[in-house]
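Raw contents of protein-v6.tsv, TSV, N, CA and C atoms:
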chain	number	residue	atom	x	y	z
D	1	MET	N	0.83	-1.20	0.00
D	1	MET	CA	0.00	0.00	0.00
D	1	MET	C	0.87	1.27	0.00
D	2	ALA	N	1.88	1.26	0.86
D	2	ALA	CA	2.75	2.43	0.97
D	2	ALA	C	3.52	2.66	-0.33
D	3	ASP	N	3.92	1.57	-1.01
D	3	ASP	CA	4.65	1.71	-2.28
D	3	ASP	C	3.80	2.38	-3.34
D	4	LEU	N	2.53	2.02	-3.40
D	4	LEU	CA	1.61	2.61	-4.37
D	4	LEU	C	1.44	4.11	-4.11
D	5	ILE	N	1.28	4.46	-2.86
D	5	ILE	CA	1.13	5.87	-2.50
D	5	ILE	C	2.43	6.63	-2.80
D	6	GLN	N	3.57	5.97	-2.55
D	6	GLN	CA	4.85	6.62	-2.81
D	6	GLN	C	5.03	6.91	-4.30
D	7	LYS	N	4.63	5.97	-5.16
D	7	LYS	CA	4.73	6.19	-6.60
D	7	LYS	C	3.81	7.32	-7.05
D	8	LYS	N	2.60	7.35	-6.50
D	8	LYS	CA	1.67	8.42	-6.84
D	8	LYS	C	2.21	9.77	-6.36
D	9	LEU	N	2.80	9.76	-5.17
D	9	LEU	CA	3.39	10.97	-4.60
D	9	LEU	C	4.53	11.47	-5.50
D	10	GLN	N	5.34	10.56	-6.00
D	10	GLN	CA	6.45	10.93	-6.88
D	10	GLN	C	5.92	11.57	-8.17
D	11	GLY	N	4.86	10.97	-8.74
D	11	GLY	CA	4.27	11.52	-9.96
D	11	GLY	C	3.70	12.91	-9.75
D	12	GLU	N	3.03	13.11	-8.63
D	12	GLU	CA	2.46	14.43	-8.32
D	12	GLU	C	3.56	15.45	-8.06
D	13	LEU	N	4.66	15.00	-7.46
D	13	LEU	CA	5.78	15.89	-7.20
D	13	LEU	C	6.40	16.35	-8.53
D	14	GLU	N	6.50	15.45	-9.50
D	14	GLU	CA	7.03	15.82	-10.81
D	14	GLU	C	6.13	16.84	-11.50
D	15	LYS	N	4.82	16.67	-11.36
D	15	LYS	CA	3.88	17.65	-11.93
D	15	LYS	C	4.10	19.02	-11.28
D	16	TYR	N	4.28	19.02	-9.96
D	16	TYR	CA	4.49	20.27	-9.23
D	16	TYR	C	5.78	20.95	-9.69
D	17	GLN	N	6.83	20.17	-9.85
D	17	GLN	CA	8.11	20.73	-10.30
D	17	GLN	C	7.98	21.33	-11.70
D	18	GLN	N	7.20	20.68	-12.56
D	18	GLN	CA	6.99	21.21	-13.92
D	18	GLN	C	6.22	22.53	-13.85
D	19	LEU	N	5.23	22.61	-12.97
D	19	LEU	CA	4.49	23.86	-12.80
D	19	LEU	C	5.43	24.98	-12.34
D	20	GLN	N	6.35	24.65	-11.45
D	20	GLN	CA	7.30	25.65	-10.97
D	20	GLN	C	8.22	26.13	-12.10
D	21	LYS	N	8.65	25.19	-12.96
D	21	LYS	CA	9.49	25.56	-14.10
D	21	LYS	C	8.73	26.49	-15.05
D	22	ASP	N	7.46	26.14	-15.32
D	22	ASP	CA	6.64	26.97	-16.21
D	22	ASP	C	6.46	28.37	-15.64
D	23	LEU	N	6.25	28.44	-14.33
D	23	LEU	CA	6.08	29.73	-13.67
D	23	LEU	C	7.37	30.56	-13.78
D	24	SER	N	8.51	29.91	-13.60
D	24	SER	CA	9.79	30.61	-13.71
D	24	SER	C	10.01	31.14	-15.13
D	25	LYS	N	9.64	30.34	-16.13
D	25	LYS	CA	9.78	30.79	-17.52
D	25	LYS	C	8.90	32.00	-17.79
D	26	SER	N	7.68	31.97	-17.28
D	26	SER	CA	6.76	33.09	-17.47
D	26	SER	C	7.30	34.35	-16.79
D	27	MET	N	7.86	34.19	-15.61
D	27	MET	CA	8.43	35.34	-14.90
D	27	MET	C	9.60	35.94	-15.68
D	28	ALA	N	10.46	35.09	-16.22
D	28	ALA	CA	11.60	35.56	-16.99
D	28	ALA	C	11.14	36.31	-18.25
D	29	ALA	N	10.14	35.75	-18.92
D	29	ALA	CA	9.62	36.40	-20.13
D	29	ALA	C	8.99	37.75	-19.78
D	30	ARG	N	8.29	37.80	-18.66
D	30	ARG	CA	7.65	39.05	-18.24
D	30	ARG	C	8.71	40.11	-17.91
D	31	GLN	N	9.78	39.70	-17.26
D	31	GLN	CA	10.86	40.64	-16.93
D	31	GLN	C	11.50	41.20	-18.21
D	32	LYS	N	11.66	40.34	-19.19
D	32	LYS	CA	12.22	40.78	-20.47
D	32	LYS	C	11.29	41.81	-21.13
D	33	LEU	N	9.99	41.55	-21.07
D	33	LEU	CA	9.02	42.49	-21.63
D	33	LEU	C	9.03	43.82	-20.87
D	34	GLU	N	9.21	43.76	-19.56
D	34	GLU	CA	9.28	44.99	-18.76
D	34	GLU	C	10.48	45.84	-19.21
D	35	ALA	N	11.59	45.18	-19.48
D	35	ALA	CA	12.78	45.91	-19.95
D	35	ALA	C	12.51	46.55	-21.31
D	36	GLN	N	11.84	45.81	-22.19
D	36	GLN	CA	11.50	46.37	-23.51
D	36	GLN	C	10.53	47.53	-23.38
D	37	LEU	N	9.60	47.42	-22.44
D	37	LEU	CA	8.63	48.50	-22.21
D	37	LEU	C	9.35	49.77	-21.77
D	38	THR	N	10.27	49.62	-20.84
D	38	THR	CA	11.04	50.77	-20.36
D	38	THR	C	11.83	51.41	-21.50
D	39	GLU	N	12.49	50.57	-22.27
D	39	GLU	CA	13.29	51.05	-23.40
D	39	GLU	C	12.43	51.81	-24.41
D	40	ASN	N	11.27	51.27	-24.73
D	40	ASN	CA	10.40	51.91	-25.71
D	40	ASN	C	9.77	53.19	-25.17
D	41	ASN	N	9.52	53.25	-23.87
D	41	ASN	CA	9.03	54.49	-23.27
D	41	ASN	C	10.08	55.59	-23.37
D	42	ILE	N	11.34	55.22	-23.20
D	42	ILE	CA	12.44	56.19	-23.35
D	42	ILE	C	12.49	56.69	-24.78
D	43	VAL	N	12.36	55.77	-25.75
D	43	VAL	CA	12.37	56.17	-27.16
D	43	VAL	C	11.20	57.12	-27.45
D	44	LYS	N	10.03	56.81	-26.89
D	44	LYS	CA	8.86	57.67	-27.10
D	44	LYS	C	9.11	59.07	-26.55
D	45	GLU	N	9.72	59.15	-25.36
D	45	GLU	CA	10.04	60.45	-24.77
D	45	GLU	C	11.02	61.21	-25.65
D	46	GLU	N	12.04	60.52	-26.14
D	46	GLU	CA	13.04	61.16	-26.99
D	46	GLU	C	12.41	61.67	-28.29
D	47	LEU	N	11.54	60.87	-28.88
D	47	LEU	CA	10.86	61.31	-30.11
D	47	LEU	C	9.97	62.53	-29.83
D	48	GLY	N	9.41	62.58	-28.63
D	48	GLY	CA	8.58	63.72	-28.25
D	48	GLY	C	9.36	65.01	-28.15
D	49	LEU	N	10.65	64.92	-27.89
D	49	LEU	CA	11.49	66.11	-27.78
D	49	LEU	C	11.89	66.68	-29.14
D	50	LEU	N	11.75	65.89	-30.18
D	50	LEU	CA	12.16	66.32	-31.53
D	50	LEU	C	11.06	67.10	-32.22
D	51	ASP	N	11.44	67.91	-33.19
D	51	ASP	CA	10.44	68.59	-34.02
D	51	ASP	C	10.58	68.09	-35.46
D	52	VAL	N	9.77	68.63	-36.36
D	52	VAL	CA	9.73	68.13	-37.74
D	52	VAL	C	11.03	68.38	-38.51
D	53	THR	N	11.86	69.30	-38.03
D	53	THR	CA	13.11	69.58	-38.74
D	53	THR	C	14.18	68.53	-38.46
D	54	ASN	N	14.01	67.75	-37.39
D	54	ASN	CA	14.97	66.70	-37.07
D	54	ASN	C	14.78	65.49	-37.97
D	55	THR	N	15.88	64.80	-38.20
D	55	THR	CA	15.84	63.59	-39.02
D	55	THR	C	15.92	62.37	-38.10
D	56	VAL	N	15.07	61.40	-38.41
D	56	VAL	CA	15.04	60.16	-37.63
D	56	VAL	C	15.50	59.02	-38.53
D	57	TYR	N	16.34	58.16	-37.98
D	57	TYR	CA	16.82	57.00	-38.72
D	57	TYR	C	16.42	55.73	-37.99
D	58	LYS	N	16.18	54.71	-38.78
D	58	LYS	CA	15.82	53.41	-38.23
D	58	LYS	C	16.91	52.42	-38.61
D	59	LEU	N	17.33	51.63	-37.63
D	59	LEU	CA	18.37	50.63	-37.89
D	59	LEU	C	17.72	49.37	-38.45
D	60	ILE	N	18.07	49.04	-39.68
D	60	ILE	CA	17.58	47.82	-40.33
D	60	ILE	C	18.81	47.00	-40.68
D	61	GLY	N	19.03	45.95	-39.88
D	61	GLY	CA	20.25	45.17	-40.06
D	61	GLY	C	21.44	46.07	-39.75
D	62	PRO	N	22.44	46.12	-40.63
D	62	PRO	CA	23.61	46.97	-40.39
D	62	PRO	C	23.47	48.38	-40.99
D	63	VAL	N	22.29	48.71	-41.53
D	63	VAL	CA	22.10	49.97	-42.26
D	63	VAL	C	21.11	50.89	-41.54
D	64	LEU	N	21.44	52.18	-41.51
D	64	LEU	CA	20.51	53.19	-41.00
D	64	LEU	C	19.70	53.73	-42.17
D	65	VAL	N	18.38	53.68	-42.03
D	65	VAL	CA	17.48	54.12	-43.09
D	65	VAL	C	16.67	55.30	-42.55
D	66	LYS	N	16.58	56.35	-43.37
D	66	LYS	CA	15.81	57.54	-42.98
D	66	LYS	C	14.35	57.15	-42.82
D	67	GLN	N	13.70	57.66	-41.75
D	67	GLN	CA	12.30	57.33	-41.48
D	67	GLN	C	11.51	58.59	-41.17
D	68	ASP	N	10.28	58.60	-41.60
D	68	ASP	CA	9.37	59.72	-41.33
D	68	ASP	C	9.10	59.79	-39.83
D	69	MET	N	9.07	61.00	-39.28
D	69	MET	CA	8.87	61.20	-37.84
D	69	MET	C	7.54	60.60	-37.37
D	70	ASP	N	6.46	60.86	-38.11
D	70	ASP	CA	5.15	60.35	-37.71
D	70	ASP	C	5.13	58.82	-37.75
D	71	GLU	N	5.80	58.26	-38.74
D	71	GLU	CA	5.86	56.80	-38.85
D	71	GLU	C	6.64	56.21	-37.67
D	72	ALA	N	7.72	56.87	-37.28
D	72	ALA	CA	8.52	56.40	-36.14
D	72	ALA	C	7.70	56.45	-34.85
D	73	LYS	N	6.96	57.55	-34.65
D	73	LYS	CA	6.13	57.67	-33.45
D	73	LYS	C	5.03	56.62	-33.43
D	74	ALA	N	4.41	56.38	-34.59
D	74	ALA	CA	3.35	55.38	-34.67
D	74	ALA	C	3.90	53.98	-34.40
D	75	THR	N	5.07	53.69	-34.92
D	75	THR	CA	5.70	52.38	-34.71
D	75	THR	C	5.97	52.15	-33.22
D	76	VAL	N	6.53	53.15	-32.56
D	76	VAL	CA	6.84	53.03	-31.13
D	76	VAL	C	5.54	52.88	-30.33
D	77	SER	N	4.53	53.63	-30.69
D	77	SER	CA	3.24	53.55	-30.00
D	77	SER	C	2.62	52.15	-30.14
D	78	LYS	N	2.65	51.61	-31.35
D	78	LYS	CA	2.13	50.25	-31.58
D	78	LYS	C	2.92	49.23	-30.78
D	79	ARG	N	4.22	49.40	-30.75
D	79	ARG	CA	5.08	48.48	-30.01
D	79	ARG	C	4.76	48.53	-28.52
D	80	LEU	N	4.53	49.73	-28.00
D	80	LEU	CA	4.17	49.87	-26.59
D	80	LEU	C	2.84	49.17	-26.28
D	81	ASP	N	1.87	49.33	-27.17
D	81	ASP	CA	0.58	48.65	-26.99
D	81	ASP	C	0.75	47.14	-26.98
D	82	TYR	N	1.55	46.65	-27.92
D	82	TYR	CA	1.78	45.20	-28.01
D	82	TYR	C	2.46	44.67	-26.74
D	83	ILE	N	3.50	45.35	-26.30
D	83	ILE	CA	4.25	44.90	-25.12
D	83	ILE	C	3.36	44.93	-23.88
D	84	THR	N	2.56	45.97	-23.74
D	84	THR	CA	1.65	46.06	-22.60
D	84	THR	C	0.66	44.90	-22.61
D	85	GLY	N	0.13	44.58	-23.77
D	85	GLY	CA	-0.80	43.45	-23.90
D	85	GLY	C	-0.13	42.13	-23.54
D	86	GLU	N	1.11	41.96	-23.98
D	86	GLU	CA	1.85	40.72	-23.67
D	86	GLU	C	2.13	40.61	-22.17
D	87	ILE	N	2.45	41.73	-21.54
D	87	ILE	CA	2.70	41.71	-20.09
D	87	ILE	C	1.44	41.27	-19.36
D	88	LYS	N	0.29	41.81	-19.77
D	88	LYS	CA	-0.98	41.42	-19.14
D	88	LYS	C	-1.24	39.93	-19.34
D	89	ARG	N	-0.95	39.44	-20.55
D	89	ARG	CA	-1.16	38.02	-20.84
D	89	ARG	C	-0.28	37.15	-19.95
D	90	TYR	N	0.98	37.54	-19.78
D	90	TYR	CA	1.88	36.77	-18.92
D	90	TYR	C	1.44	36.84	-17.46
D	91	GLU	N	0.92	37.99	-17.03
D	91	GLU	CA	0.45	38.09	-15.65
D	91	GLU	C	-0.71	37.14	-15.40
D	92	LEU	N	-1.64	37.07	-16.35
D	92	LEU	CA	-2.75	36.12	-16.21
D	92	LEU	C	-2.25	34.68	-16.20
D	93	GLN	N	-1.30	34.40	-17.08
D	93	GLN	CA	-0.72	33.06	-17.16
D	93	GLN	C	-0.04	32.70	-15.84
D	94	MET	N	0.66	33.66	-15.24
D	94	MET	CA	1.34	33.42	-13.98
D	94	MET	C	0.35	33.20	-12.85
D	95	GLN	N	-0.76	33.95	-12.85
D	95	GLN	CA	-1.79	33.74	-11.83
D	95	GLN	C	-2.38	32.35	-11.93
D	96	GLU	N	-2.64	31.90	-13.16
D	96	GLU	CA	-3.16	30.55	-13.37
D	96	GLU	C	-2.16	29.50	-12.88
D	97	SER	N	-0.91	29.70	-13.21
D	97	SER	CA	0.13	28.76	-12.79
D	97	SER	C	0.24	28.72	-11.27
D	98	GLU	N	0.12	29.87	-10.64
D	98	GLU	CA	0.19	29.91	-9.17
D	98	GLU	C	-0.99	29.18	-8.55
D	99	LYS	N	-2.18	29.34	-9.14
D	99	LYS	CA	-3.36	28.61	-8.64
D	99	LYS	C	-3.15	27.11	-8.77
D	100	LYS	N	-2.66	26.69	-9.93
D	100	LYS	CA	-2.43	25.26	-10.16
D	100	LYS	C	-1.37	24.73	-9.20
D	101	ALA	N	-0.32	25.53	-8.97
D	101	ALA	CA	0.74	25.11	-8.05
D	101	ALA	C	0.20	24.97	-6.63
D	102	GLU	N	-0.67	25.87	-6.23
D	102	GLU	CA	-1.27	25.80	-4.89
D	102	GLU	C	-2.12	24.54	-4.76
D	103	GLN	N	-2.92	24.24	-5.79
D	103	GLN	CA	-3.73	23.02	-5.78
D	103	GLN	C	-2.83	21.79	-5.73
D	104	GLN	N	-1.74	21.83	-6.46
D	104	GLN	CA	-0.81	20.70	-6.48
D	104	GLN	C	-0.15	20.52	-5.12
D	105	ARG	N	0.16	21.63	-4.44
D	105	ARG	CA	0.74	21.55	-3.09
D	105	ARG	C	-0.24	20.86	-2.14
D	106	GLU	N	-1.52	21.19	-2.28
D	106	GLU	CA	-2.54	20.56	-1.43
D	106	GLU	C	-2.61	19.07	-1.69
D	107	VAL	N	-2.55	18.68	-2.96
D	107	VAL	CA	-2.57	17.25	-3.32
D	107	VAL	C	-1.36	16.56	-2.72
D	108	LEU	N	-0.19	17.19	-2.83
D	108	LEU	CA	1.03	16.62	-2.28
D	108	LEU	C	0.94	16.46	-0.76
D	109	ALA	N	0.39	17.44	-0.09
D	109	ALA	CA	0.26	17.37	1.36
D	109	ALA	C	-0.64	16.20	1.77
D	110	ARG	N	-1.76	16.03	1.06
D	110	ARG	CA	-2.67	14.92	1.37
D	110	ARG	C	-1.99	13.58	1.14
D	111	LEU	N	-1.27	13.48	0.02
D	111	LEU	CA	-0.58	12.22	-0.28
D	111	LEU	C	0.52	11.92	0.74
D	112	GLN	N	1.21	12.95	1.20
D	112	GLN	CA	2.25	12.74	2.20
D	112	GLN	C	1.64	12.22	3.50
D	113	GLN	N	0.49	12.78	3.87
D	113	GLN	CA	-0.19	12.31	5.08
D	113	GLN	C	-0.63	10.86	4.91
D	114	GLU	N	-1.18	10.52	3.75
D	114	GLU	CA	-1.58	9.14	3.48
D	114	GLU	C	-0.39	8.21	3.56
D	115	TYR	N	0.71	8.63	2.96
D	115	TYR	CA	1.93	7.82	2.95
D	115	TYR	C	2.43	7.58	4.37
D	116	GLN	N	2.43	8.63	5.18
D	116	GLN	CA	2.89	8.50	6.57
D	116	GLN	C	1.98	7.58	7.37
D	117	ARG	N	0.67	7.68	7.14
D	117	ARG	CA	-0.27	6.79	7.83
D	117	ARG	C	-0.03	5.34	7.39
D	118	ALA	N	0.16	5.15	6.07
D	118	ALA	CA	0.39	3.80	5.55
D	118	ALA	C	1.68	3.22	6.12
D	119	GLN	N	2.71	4.05	6.24
D	119	GLN	CA	3.96	3.57	6.82
D	119	GLN	C	3.77	3.22	8.29
D	120	GLY	N	2.98	4.05	8.96
D	120	GLY	CA	2.71	3.78	10.39
D	120	GLY	C	1.99	2.47	10.59
D	121	LYS	N	1.02	2.17	9.74
D	121	LYS	CA	0.28	0.92	9.82
D	121	LYS	C	1.21	-0.25	9.50
D	122	GLY	N	2.09	-0.08	8.52
D	122	GLY	CA	3.04	-1.14	8.15
D	122	GLY	C	4.00	-1.43	9.28
D	123	THR	N	4.44	-0.39	10.00
D	123	THR	CA	5.34	-0.58	11.12
D	123	THR	C	4.63	-1.26	12.28
D	124	ALA	N	3.36	-0.90	12.49
D	124	ALA	CA	2.58	-1.47	13.58
D	124	ALA	C	2.35	-2.96	13.35
D	125	LYS	N	2.16	-3.37	12.10
D	125	LYS	CA	1.92	-4.78	11.76
D	125	LYS	C	3.17	-5.63	11.97
D	126	ALA	N	4.33	-5.04	11.74
D	126	ALA	CA	5.59	-5.80	11.81
D	126	ALA	C	6.02	-6.10	13.20

For the file at hand, write its structure as structure tokens.
Amino acid sequence: MADLIQKKLQGELEKYQQLQKDLSKSMAARQKLEAQLTENNIVKEELGLLDVTNTVYKLIGPVLVKQDMDEAKATVSKRLDYITGEIKRYELQMQESEKKAEQQREVLARLQQEYQRAQGKGTAKA
């Protein structure tokens, strides 16, 4: 009986560890997006300081290409919207992962108690 519970406990523990890995990946991706958000906000501020007489260049591969000011502002604005949406998506994903991890912890706790009881009964019989 105890061996069966131990195998089930091991399987549930592996599921929990996978949930933790997924949560860590989501956190890392979210941090990367936060850095991109900060960078793009700085670019937006810098573009706001320029007037129509200034020239804006866009780096495409190893080449700088002249770009229209309005087009540059629109591109940065769209990028900010996209990054903000992705951050929200990752936050929801992380909340779901945390809920699942909490449920998995509860399952593990119950199985550990069952295992300890089964071991206690096995020791009492011997």

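Take the candidates D:Gln95, D:Met27, D:Lys73, D:Glu14 and check each one against Val43 (chain D) using only N, CA and C atoms; the shortest distance goes to D:Lys73.
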
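One distance worth recording is that between CA of Glu106 (chain D) and CA of Ala29 (chain D), which is 27.4 Å.
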
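If you look at atom N of Lys58 (chain D) and atom C of Thr84 (chain D), they are 24.5 Å away from each other.
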
Report as a ChimeraX atom specification: the residues of chain D with a DSSP assignment of strand (DSSP E or B), based on the backbone of this structure. /D:56-60,63-67

Just the number, please: distance in Å from CA of Lys8 (chain D) to atom C of Ala109 (chain D), one decimal.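 Atom C of Ala109 (chain D) lies 11.8 Å from CA of Lys8 (chain D).
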
Quick one: everything within 12 Å of Thr53 (chain D), counting only C-alpha atoms, minus sequence neighbours fewer than 3 positions away in the same chain. Send it as a PyMOL selection string. chain D and resi 49-50+56+68-69

Can you tell me which residues surround Tyr57 (chain D) at a distance of at most 6 Å, considering all atoms listed in the file, apart from same-chain residues fewer than 3 positions away, and format the answer as a list in words? Leu64, Val65, Lys66 and Gln67 of chain D

DSSP on the backbone: what in region 4-124 of chain D comes out alpha helix (DSSP H), as a PyMOL selection string? chain D and resi 4-49+69-124

Near Tyr82 (chain D), within 12 Å and counting only C-alpha atoms, which residues show up once chain neighbours fewer than 4 positions away are dropped, as number ranges by chain? D: 33-34, 36-37, 40, 75-78, 86-89

Which one is closest to Gln104 (chain D): D:Gly120, D:Gly85, D:Ala72, D:Leu13? Count all atoms listed in the file.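 Looking only at the distances to Gln104 (chain D), the closest residue turns out to be D:Leu13.
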
Selected residue of minimal separation from Asn41 (chain D) among D:Ile5, D:Lys25, D:Asp70, D:Leu80, counting all atoms listed in the file: D:Leu80

6 Å per side around region 59-73 of chain D: axis-aligned box centre and edge lengths, as JSON:
{"center_x": 14.3, "center_y": 53.2, "center_z": -38.4, "size_x": 30.6, "size_y": 28.0, "size_z": 21.9}

Hey, could you patch up region 59-71 of chain D with N, CA, C and O atoms and hand it over as a PDB file, in the coordinates of the input?
ATOM      1  N   LEU D  59      17.330  51.630 -37.630  1.00  0.00           N
ATOM      2  CA  LEU D  59      18.370  50.630 -37.890  1.00  0.00           C
ATOM      3  C   LEU D  59      17.720  49.370 -38.450  1.00  0.00           C
ATOM      4  O   LEU D  59      16.894  48.733 -37.805  1.00  0.00           O
ATOM      5  N   ILE D  60      18.070  49.040 -39.680  1.00  0.00           N
ATOM      6  CA  ILE D  60      17.580  47.820 -40.330  1.00  0.00           C
ATOM      7  C   ILE D  60      18.810  47.000 -40.680  1.00  0.00           C
ATOM      8  O   ILE D  60      19.528  47.317 -41.625  1.00  0.00           O
ATOM      9  N   GLY D  61      19.030  45.950 -39.880  1.00  0.00           N
ATOM     10  CA  GLY D  61      20.250  45.170 -40.060  1.00  0.00           C
ATOM     11  C   GLY D  61      21.440  46.070 -39.750  1.00  0.00           C
ATOM     12  O   GLY D  61      21.445  46.784 -38.755  1.00  0.00           O
ATOM     13  N   PRO D  62      22.440  46.120 -40.630  1.00  0.00           N
ATOM     14  CA  PRO D  62      23.610  46.970 -40.390  1.00  0.00           C
ATOM     15  C   PRO D  62      23.470  48.380 -40.990  1.00  0.00           C
ATOM     16  O   PRO D  62      24.401  49.155 -40.961  1.00  0.00           O
ATOM     17  N   VAL D  63      22.290  48.710 -41.530  1.00  0.00           N
ATOM     18  CA  VAL D  63      22.100  49.970 -42.260  1.00  0.00           C
ATOM     19  C   VAL D  63      21.110  50.890 -41.540  1.00  0.00           C
ATOM     20  O   VAL D  63      20.082  50.444 -41.033  1.00  0.00           O
ATOM     21  N   LEU D  64      21.440  52.180 -41.510  1.00  0.00           N
ATOM     22  CA  LEU D  64      20.510  53.190 -41.000  1.00  0.00           C
ATOM     23  C   LEU D  64      19.700  53.730 -42.170  1.00  0.00           C
ATOM     24  O   LEU D  64      20.256  54.187 -43.155  1.00  0.00           O
ATOM     25  N   VAL D  65      18.380  53.680 -42.030  1.00  0.00           N
ATOM     26  CA  VAL D  65      17.480  54.120 -43.090  1.00  0.00           C
ATOM     27  C   VAL D  65      16.670  55.300 -42.550  1.00  0.00           C
ATOM     28  O   VAL D  65      16.139  55.250 -41.441  1.00  0.00           O
ATOM     29  N   LYS D  66      16.580  56.350 -43.370  1.00  0.00           N
ATOM     30  CA  LYS D  66      15.810  57.540 -42.980  1.00  0.00           C
ATOM     31  C   LYS D  66      14.350  57.150 -42.820  1.00  0.00           C
ATOM     32  O   LYS D  66      13.798  56.390 -43.633  1.00  0.00           O
ATOM     33  N   GLN D  67      13.700  57.660 -41.750  1.00  0.00           N
ATOM     34  CA  GLN D  67      12.300  57.330 -41.480  1.00  0.00           C
ATOM     35  C   GLN D  67      11.510  58.590 -41.170  1.00  0.00           C
ATOM     36  O   GLN D  67      12.027  59.526 -40.542  1.00  0.00           O
ATOM     37  N   ASP D  68      10.280  58.600 -41.600  1.00  0.00           N
ATOM     38  CA  ASP D  68       9.370  59.720 -41.330  1.00  0.00           C
ATOM     39  C   ASP D  68       9.100  59.790 -39.830  1.00  0.00           C
ATOM     40  O   ASP D  68       8.929  58.771 -39.167  1.00  0.00           O
ATOM     41  N   MET D  69       9.070  61.000 -39.280  1.00  0.00           N
ATOM     42  CA  MET D  69       8.870  61.200 -37.840  1.00  0.00           C
ATOM     43  C   MET D  69       7.540  60.600 -37.370  1.00  0.00           C
ATOM     44  O   MET D  69       7.492  59.907 -36.360  1.00  0.00           O
ATOM     45  N   ASP D  70       6.460  60.860 -38.110  1.00  0.00           N
ATOM     46  CA  ASP D  70       5.150  60.350 -37.710  1.00  0.00           C
ATOM     47  C   ASP D  70       5.130  58.820 -37.750  1.00  0.00           C
ATOM     48  O   ASP D  70       4.529  58.179 -36.878  1.00  0.00           O
ATOM     49  N   GLU D  71       5.800  58.260 -38.740  1.00  0.00           N
ATOM     50  CA  GLU D  71       5.860  56.800 -38.850  1.00  0.00           C
ATOM     51  C   GLU D  71       6.640  56.210 -37.670  1.00  0.00           C
ATOM     52  O   GLU D  71       6.242  55.186 -37.098  1.00  0.00           O
TER      53      GLU D  71
END
